[in-house]
Amino acid sequence: MPEQLTSRTYARALRIVAATIAVVAVAKHLAGDFPDVQAAREMLFIRSAAAAIALIIALLSSVRRSVTQLEPLAFALGLDIALMCLGAVLVVPGELWEQTVSLVAMMFGAAVFLPWSWRWHATLVANTLVVATITVLLLVPAGALAGHVAGRALVTLYAMGALSVVGAHLADRARRHVAASEARYRGLFETATDGIALLDENGFIREANPRLADLLGRPMAELLGARLRDFYAEPTADADEWRSAAHTIRRPDGRNVEVEIEFSPVPNPEGVGSLIQADMRDRTERRTEERRLIQAQRLDSMARLSGALAHQYNNILGGILTHAAVLREEVPSPDARAAAEEVLKGARRGRELTQELLGLSRPETVVLKPASPVQFVESTAALARAAVPAGVTVKTDVAPGLPSIVADVDQLVHACLELVFNARDAMRGRPNSLLTFKAAEERIAGGNQEWPGAPPGRYVRISVADTGRGMDPAVAERVFEPFFTTKPLHEARGLGLAEVQRVLREHRGAVRIETAIGRGTTVHLLLPIAAAAAPLVPAESTAPPPPAAAPAGPLAPKGATILIVDDEEIVRNSLKRALTRFGYKVLDAGDGTSALAAMQAADPPVDLVILDLVLPGGGAGVFELLKAIRPEVRVLISSGYSPDAEAARGLAERVEGFLPKPYELSQLKTAVANALGGQAA
């Protein structure tokens, strides 16, 4: 028996069948024609007993009984009918065909009217056929049946019984499908977040879900049978005015709730006419959510502003702290040293305030700002020229009049450099190699097949095309899988194009690749224009990565060469002054291009780079370029605030430490010594 069927359904069907059998048994006896008085008495006993059993079963078939308790009663009713028919054959053998027809009708009637499992029905049919066989072949007196009547009757019973089992199986399966479908509908109906009511054509509620009762503030019993318009706060004089979309509901507690109601016709399960489904949504909750979003956006803007200010303050305070600390040690006058100490105290107080500002900025990881695609392409191409071999030509092709994009330039540069390194490897050993950066505007319409998932709107498409080996379709399908690579394991760089896809997803953009063996590869990056700027993407934390453990190694050599890469002049000057005083040879650069030039021209080579993460063109991208030119160079990350915390965490295992700004002179000395692998020079 399907669990979805209720005892009410089963009991109702069983009572109807049992009562019908009792009536038929009595009526058949009254209308019967018996060969003698003895036969009439015997038939009266058999049919009366069968009718009594049927009535008892009808009385026992209560809706309070479970389906498991009702199934044996249904089985007993079937056997009662079978025994009544076969008893009649014993008394009057000439009625064999009439009783055979009755047994066939019983088997098919049970299959149709009793909502039970086909297994129960098969058991009933099997018992009926066994009893019928014994009765006809063994109990009916010999010679009472002419010719092959008994055999033909039994064949008919067996054939019809088998068909009734098949029919019961089909009916059972259909009931299960209907019950499962109804359960799914009922689950959706009961758990819907909107209040739902099924109304007749006059607006009376025939069925409602719990959410509607919550909205109206009334028990379910009070809703069923009432008119929906009776719960409106304002009267509806017009006959059809209650079907309008917006209304105010007056609750019993006196509170008014503004709702939107959507009316739609639905089929009537009784098959006559149609019903009206009313979906009711609470506009009060939506307005509350809108206010919450506005507040969240304001806080988000404050967080971004505080983070940007903290970064600038930390740069300035870092320069002041370093200059003042060096000055305090260099000046001979006690008054001058005291003045320097006062400057240090003020800078330290400023550092505490910037930490409070940074507390407002978390947890943001992406800073989306309007940026010029022309400048971005040109600066990225300049970095690419320094990263590829001399035999590779780097070109740009930018359409005129492009609108600004909304982007985190640091992350985008990092993503494009990943493409540059892949292109460099793909073009290795190929003559006349060409790497092209293109930018053009693109409009996306709904259902665009080239950019699935991209919302309709205006975008700027930035393309990075190489003339390398290209990829076959099987490889191209997997390039966005994390850690997938066709390179040897010792050359694999990490997440690869999966990281590019992540960056574009955070920018509310998309990425697409075109490639073929022997035809090179083009990667298209789709970026929304500034007018379609999206909210910033929250992340877990913007806290800087933990300092890396000092690597074991020899003492730092006297006069080690250090390259400072920072866009703040005061930071570069103060660091250069302090590190020179420590005995190091110091170079400095304000951006990625000058850093690459300084790295390549350094003699002796650079031993350590002190790198700010927030740079024009992206600190993480500059890191990759410097490592590509000189893989063995050591890097010490120094930053007051990094909006690209995820990139910072990604670099944590590849750098020699993190020096948070603003820092004390002693912290600088220790961090540099540890990064170089030994004590201070």
# chains A, B, ... in the order shown; residues from 1 in each chain; ligands from 1

$ residues_around --residues "Arg634 in chain A" --least-positions-apart "4" --cutoff "12 Å" --atoms "only C-alpha atoms" --output "list in words"
Ala550, Pro551, Ala556, Ala560, Thr561, Ile562, Leu563, Pro605, Val606, Asp607, Leu608, Val609, Ile610, Leu611, Phe623, Leu626, Lys627, Arg630, Glu653, Arg654, Val655, Glu656, Gly657, Val672, Ala673, Asn674, Ala675, Leu676 and Gly677 of chain A

$ write_last_selection --atoms "C-alpha atoms" --output "CSV table (one decimal), in the first residue's frame"
chain,number,residue,atom,x,y,z
A,550,ALA,CA,62.8,33.1,8.6
A,551,PRO,CA,64.5,30.6,6.2
A,556,ALA,CA,73.5,38.1,5.1
A,560,ALA,CA,73.7,43.2,0.1
A,561,THR,CA,71.7,45.0,-2.6
A,562,ILE,CA,68.1,45.8,-1.8
A,563,LEU,CA,65.5,47.2,-4.2
A,605,PRO,CA,72.4,41.7,-8.7
A,606,VAL,CA,69.5,42.5,-6.4
A,607,ASP,CA,69.4,40.2,-3.3
A,608,LEU,CA,66.1,41.5,-1.8
A,609,VAL,CA,63.1,43.4,-2.9
A,610,ILE,CA,60.9,45.3,-0.4
A,611,LEU,CA,57.6,45.5,-2.3
A,623,PHE,CA,56.0,40.4,-8.0
A,626,LEU,CA,60.4,40.3,-10.9
A,627,LYS,CA,60.3,36.6,-10.1
A,630,ARG,CA,65.1,36.7,-11.3
A,653,GLU,CA,54.3,31.0,0.9
A,654,ARG,CA,56.4,32.5,-1.8
A,655,VAL,CA,57.8,35.5,0.0
A,656,GLU,CA,60.3,35.9,2.9
A,657,GLY,CA,58.0,37.8,5.2
A,672,VAL,CA,65.3,42.6,6.4
A,673,ALA,CA,67.9,40.5,8.2
A,674,ASN,CA,65.5,37.5,8.4
A,675,ALA,CA,64.5,37.9,4.7
A,676,LEU,CA,68.1,37.8,3.7
A,677,GLY,CA,68.7,34.7,5.8

$ residues_around --residues "range 383-398 of chain A" --least-positions-apart "3" --cutoff "10 Å" --atoms "only C-alpha atoms" --output "PyMOL selection string"
chain A and resi 373-374+377-380+401-402+413+416-417+419-421+423-425+427-441+462-467+592-593+596-597+600+617+621-622+624-629

$ closest_residue --among "A:Val92, A:Ile46, A:Val586, A:Val112" --to "Ala25 in chain A" --atoms "only C-alpha atoms"
A:Ile46

$ residues_around --residues "range 660-662 of chain A" --least-positions-apart "6" --cutoff "7 Å" --atoms "only C-alpha atoms" --output "PyMOL selection string"
chain A and resi 314-315+317-318+351+638-640

$ write_last_selection --atoms "N, CA, C and O atoms" --output "CSV table (one decimal), in the first residue's frame"
chain,number,residue,atom,x,y,z
A,314,ASN,N,49.2,55.3,6.5
A,314,ASN,CA,50.3,54.4,6.9
A,314,ASN,C,51.6,54.6,6.1
A,314,ASN,O,52.7,54.5,6.6
A,315,ASN,N,51.4,55.0,4.8
A,315,ASN,CA,52.6,55.3,4.0
A,315,ASN,C,53.3,56.6,4.6
A,315,ASN,O,54.5,56.6,4.8
A,317,LEU,N,52.9,57.9,7.6
A,317,LEU,CA,53.4,57.6,9.0
A,317,LEU,C,54.7,56.7,9.0
A,317,LEU,O,55.6,56.9,9.8
A,318,GLY,N,54.7,55.8,8.0
A,318,GLY,CA,55.9,55.0,7.9
A,318,GLY,C,57.1,55.8,7.6
A,318,GLY,O,58.2,55.6,8.2
A,351,ARG,N,49.5,55.9,14.1
A,351,ARG,CA,49.4,54.5,13.7
A,351,ARG,C,48.2,53.8,14.4
A,351,ARG,O,47.5,53.0,13.8
A,638,SER,N,55.7,44.7,2.0
A,638,SER,CA,55.5,45.7,3.0
A,638,SER,C,54.3,46.6,2.5
A,638,SER,O,54.3,47.1,1.5
A,639,SER,N,53.3,46.6,3.4
A,639,SER,CA,52.1,47.4,3.0
A,639,SER,C,51.3,47.8,4.2
A,639,SER,O,51.4,47.1,5.3
A,640,GLY,N,50.7,48.9,4.1
A,640,GLY,CA,49.8,49.4,5.2
A,640,GLY,C,48.4,48.8,5.1
A,640,GLY,O,47.7,48.7,6.1

$ residues_around --residues "Ala49 in chain A" --least-positions-apart "4" --cutoff "10 Å" --atoms "only C-alpha atoms" --output "PDB file with C-alpha atoms, in the first residue's frame"
ATOM      1  CA  ALA A  22     -24.134  -7.273   1.273  1.00  0.00           C
ATOM      2  CA  ALA A  25     -26.094 -11.011  -1.806  1.00  0.00           C
ATOM      3  CA  MET A  43     -28.256 -20.856  -0.407  1.00  0.00           C
ATOM      4  CA  LEU A  44     -29.977 -18.641   2.176  1.00  0.00           C
ATOM      5  CA  PHE A  45     -27.450 -19.716   4.791  1.00  0.00           C
ATOM      6  CA  ILE A  53     -19.497 -10.784   7.134  1.00  0.00           C
ATOM      7  CA  ALA A  54     -19.547  -7.960   4.565  1.00  0.00           C
ATOM      8  CA  LEU A  55     -21.539  -5.729   6.919  1.00  0.00           C
ATOM      9  CA  ASP A  80     -15.895 -13.700   1.657  1.00  0.00           C
ATOM     10  CA  MET A  84     -20.042 -17.190  -1.272  1.00  0.00           C
TER      11      MET A  84
END

$ select_by_dssp --residues "range 81-327 of chain A" --states "strand (DSSP E or B)" --output "PyMOL selection string"
chain A and resi 195-199+204-208+227+232+246-250+256-267+274-282

$ atom_distance --atom1 "CA of Lys345 in chain A" --atom2 "CA of Leu321 in chain A"
8.9 Å

$ atom_distance --atom1 "CA of Arg186 in chain A" --atom2 "CA of Arg206 in chain A"
14.8 Å

$ atom_distance --atom1 "CA of Tyr185 in chain A" --atom2 "CA of Val166 in chain A"
28.9 Å

$ residues_around --residues "Glu42 in chain A" --least-positions-apart "2" --cutoff "12 Å" --atoms "only C-alpha atoms" --output "JSON, numbers by chain"
{"A": [29, 34, 35, 36, 37, 38, 39, 40, 44, 45, 46, 47, 48, 49, 84, 87, 88, 89, 90, 91, 92]}

$ write_last_selection --atoms "N, CA, C and O atoms" --output "mmCIF file, in the first residue's frame"
data_model
loop_
_atom_site.group_PDB
_atom_site.id
_atom_site.type_symbol
_atom_site.label_atom_id
_atom_site.label_comp_id
_atom_site.auth_asym_id
_atom_site.auth_seq_id
_atom_site.Cartn_x
_atom_site.Cartn_y
_atom_site.Cartn_z
ATOM 1 N N HIS A 29 -30.459 -13.430 -3.643
ATOM 2 C CA HIS A 29 -31.210 -14.554 -3.075
ATOM 3 C C HIS A 29 -32.712 -14.355 -3.255
ATOM 4 O O HIS A 29 -33.446 -15.301 -3.567
ATOM 5 N N PHE A 34 -34.650 -21.691 -7.183
ATOM 6 C CA PHE A 34 -33.910 -22.833 -6.678
ATOM 7 C C PHE A 34 -34.622 -24.126 -7.076
ATOM 8 O O PHE A 34 -35.860 -24.187 -7.144
ATOM 9 N N PRO A 35 -33.881 -25.192 -7.314
ATOM 10 C CA PRO A 35 -34.495 -26.454 -7.748
ATOM 11 C C PRO A 35 -35.364 -27.107 -6.673
ATOM 12 O O PRO A 35 -36.320 -27.827 -6.994
ATOM 13 N N ASP A 36 -35.043 -26.880 -5.407
ATOM 14 C CA ASP A 36 -35.836 -27.478 -4.335
ATOM 15 C C ASP A 36 -35.675 -26.636 -3.073
ATOM 16 O O ASP A 36 -34.873 -25.699 -3.018
ATOM 17 N N VAL A 37 -36.446 -27.029 -2.050
ATOM 18 C CA VAL A 37 -36.453 -26.283 -0.795
ATOM 19 C C VAL A 37 -35.119 -26.415 -0.083
ATOM 20 O O VAL A 37 -34.601 -25.458 0.501
ATOM 21 N N GLN A 38 -34.528 -27.612 -0.127
ATOM 22 C CA GLN A 38 -33.241 -27.815 0.539
ATOM 23 C C GLN A 38 -32.173 -26.900 -0.046
ATOM 24 O O GLN A 38 -31.386 -26.290 0.685
ATOM 25 N N ALA A 39 -32.153 -26.787 -1.369
ATOM 26 C CA ALA A 39 -31.172 -25.905 -2.020
ATOM 27 C C ALA A 39 -31.413 -24.452 -1.626
ATOM 28 O O ALA A 39 -30.466 -23.679 -1.396
ATOM 29 N N ALA A 40 -32.690 -24.062 -1.533
ATOM 30 C CA ALA A 40 -32.995 -22.685 -1.159
ATOM 31 C C ALA A 40 -32.511 -22.387 0.251
ATOM 32 O O ALA A 40 -31.977 -21.302 0.533
ATOM 33 N N LEU A 44 -29.664 -19.732 1.239
ATOM 34 C CA LEU A 44 -29.977 -18.641 2.176
ATOM 35 C C LEU A 44 -28.902 -18.550 3.261
ATOM 36 O O LEU A 44 -28.460 -17.446 3.624
ATOM 37 N N PHE A 45 -28.485 -19.725 3.751
ATOM 38 C CA PHE A 45 -27.450 -19.716 4.791
ATOM 39 C C PHE A 45 -26.140 -19.125 4.254
ATOM 40 O O PHE A 45 -25.505 -18.287 4.911
ATOM 41 N N ILE A 46 -25.735 -19.558 3.068
ATOM 42 C CA ILE A 46 -24.461 -19.105 2.500
ATOM 43 C C ILE A 46 -24.490 -17.598 2.244
ATOM 44 O O ILE A 46 -23.572 -16.865 2.628
ATOM 45 N N ARG A 47 -25.559 -17.120 1.627
ATOM 46 C CA ARG A 47 -25.599 -15.694 1.267
ATOM 47 C C ARG A 47 -25.819 -14.804 2.494
ATOM 48 O O ARG A 47 -25.298 -13.690 2.572
ATOM 49 N N SER A 48 -26.599 -15.304 3.450
ATOM 50 C CA SER A 48 -26.795 -14.514 4.667
ATOM 51 C C SER A 48 -25.481 -14.372 5.434
ATOM 52 O O SER A 48 -25.151 -13.290 5.953
ATOM 53 N N ALA A 49 -24.738 -15.489 5.511
ATOM 54 C CA ALA A 49 -23.449 -15.435 6.200
ATOM 55 C C ALA A 49 -22.494 -14.477 5.482
ATOM 56 O O ALA A 49 -21.781 -13.678 6.120
ATOM 57 N N MET A 84 -18.602 -17.242 -0.992
ATOM 58 C CA MET A 84 -20.042 -17.190 -1.272
ATOM 59 C C MET A 84 -20.332 -17.742 -2.667
ATOM 60 O O MET A 84 -21.259 -18.543 -2.854
ATOM 61 N N GLY A 87 -19.529 -21.506 -2.727
ATOM 62 C CA GLY A 87 -20.557 -22.244 -1.976
ATOM 63 C C GLY A 87 -21.814 -22.433 -2.803
ATOM 64 O O GLY A 87 -22.466 -23.492 -2.743
ATOM 65 N N ALA A 88 -22.179 -21.422 -3.602
ATOM 66 C CA ALA A 88 -23.345 -21.541 -4.470
ATOM 67 C C ALA A 88 -23.135 -22.632 -5.515
ATOM 68 O O ALA A 88 -24.072 -23.358 -5.885
ATOM 69 N N VAL A 89 -21.877 -22.792 -5.994
ATOM 70 C CA VAL A 89 -21.588 -23.842 -6.978
ATOM 71 C C VAL A 89 -21.771 -25.221 -6.347
ATOM 72 O O VAL A 89 -22.270 -26.156 -6.998
ATOM 73 N N LEU A 90 -21.412 -25.382 -5.057
ATOM 74 C CA LEU A 90 -21.593 -26.668 -4.391
ATOM 75 C C LEU A 90 -23.069 -27.023 -4.250
ATOM 76 O O LEU A 90 -23.469 -28.184 -4.381
ATOM 77 N N VAL A 91 -23.885 -26.002 -3.972
ATOM 78 C CA VAL A 91 -25.325 -26.261 -3.795
ATOM 79 C C VAL A 91 -26.007 -26.476 -5.146
ATOM 80 O O VAL A 91 -26.807 -27.412 -5.325
ATOM 81 N N VAL A 92 -25.689 -25.567 -6.111
ATOM 82 C CA VAL A 92 -26.314 -25.661 -7.436
ATOM 83 C C VAL A 92 -25.199 -25.673 -8.478
ATOM 84 O O VAL A 92 -24.779 -24.614 -8.967
#
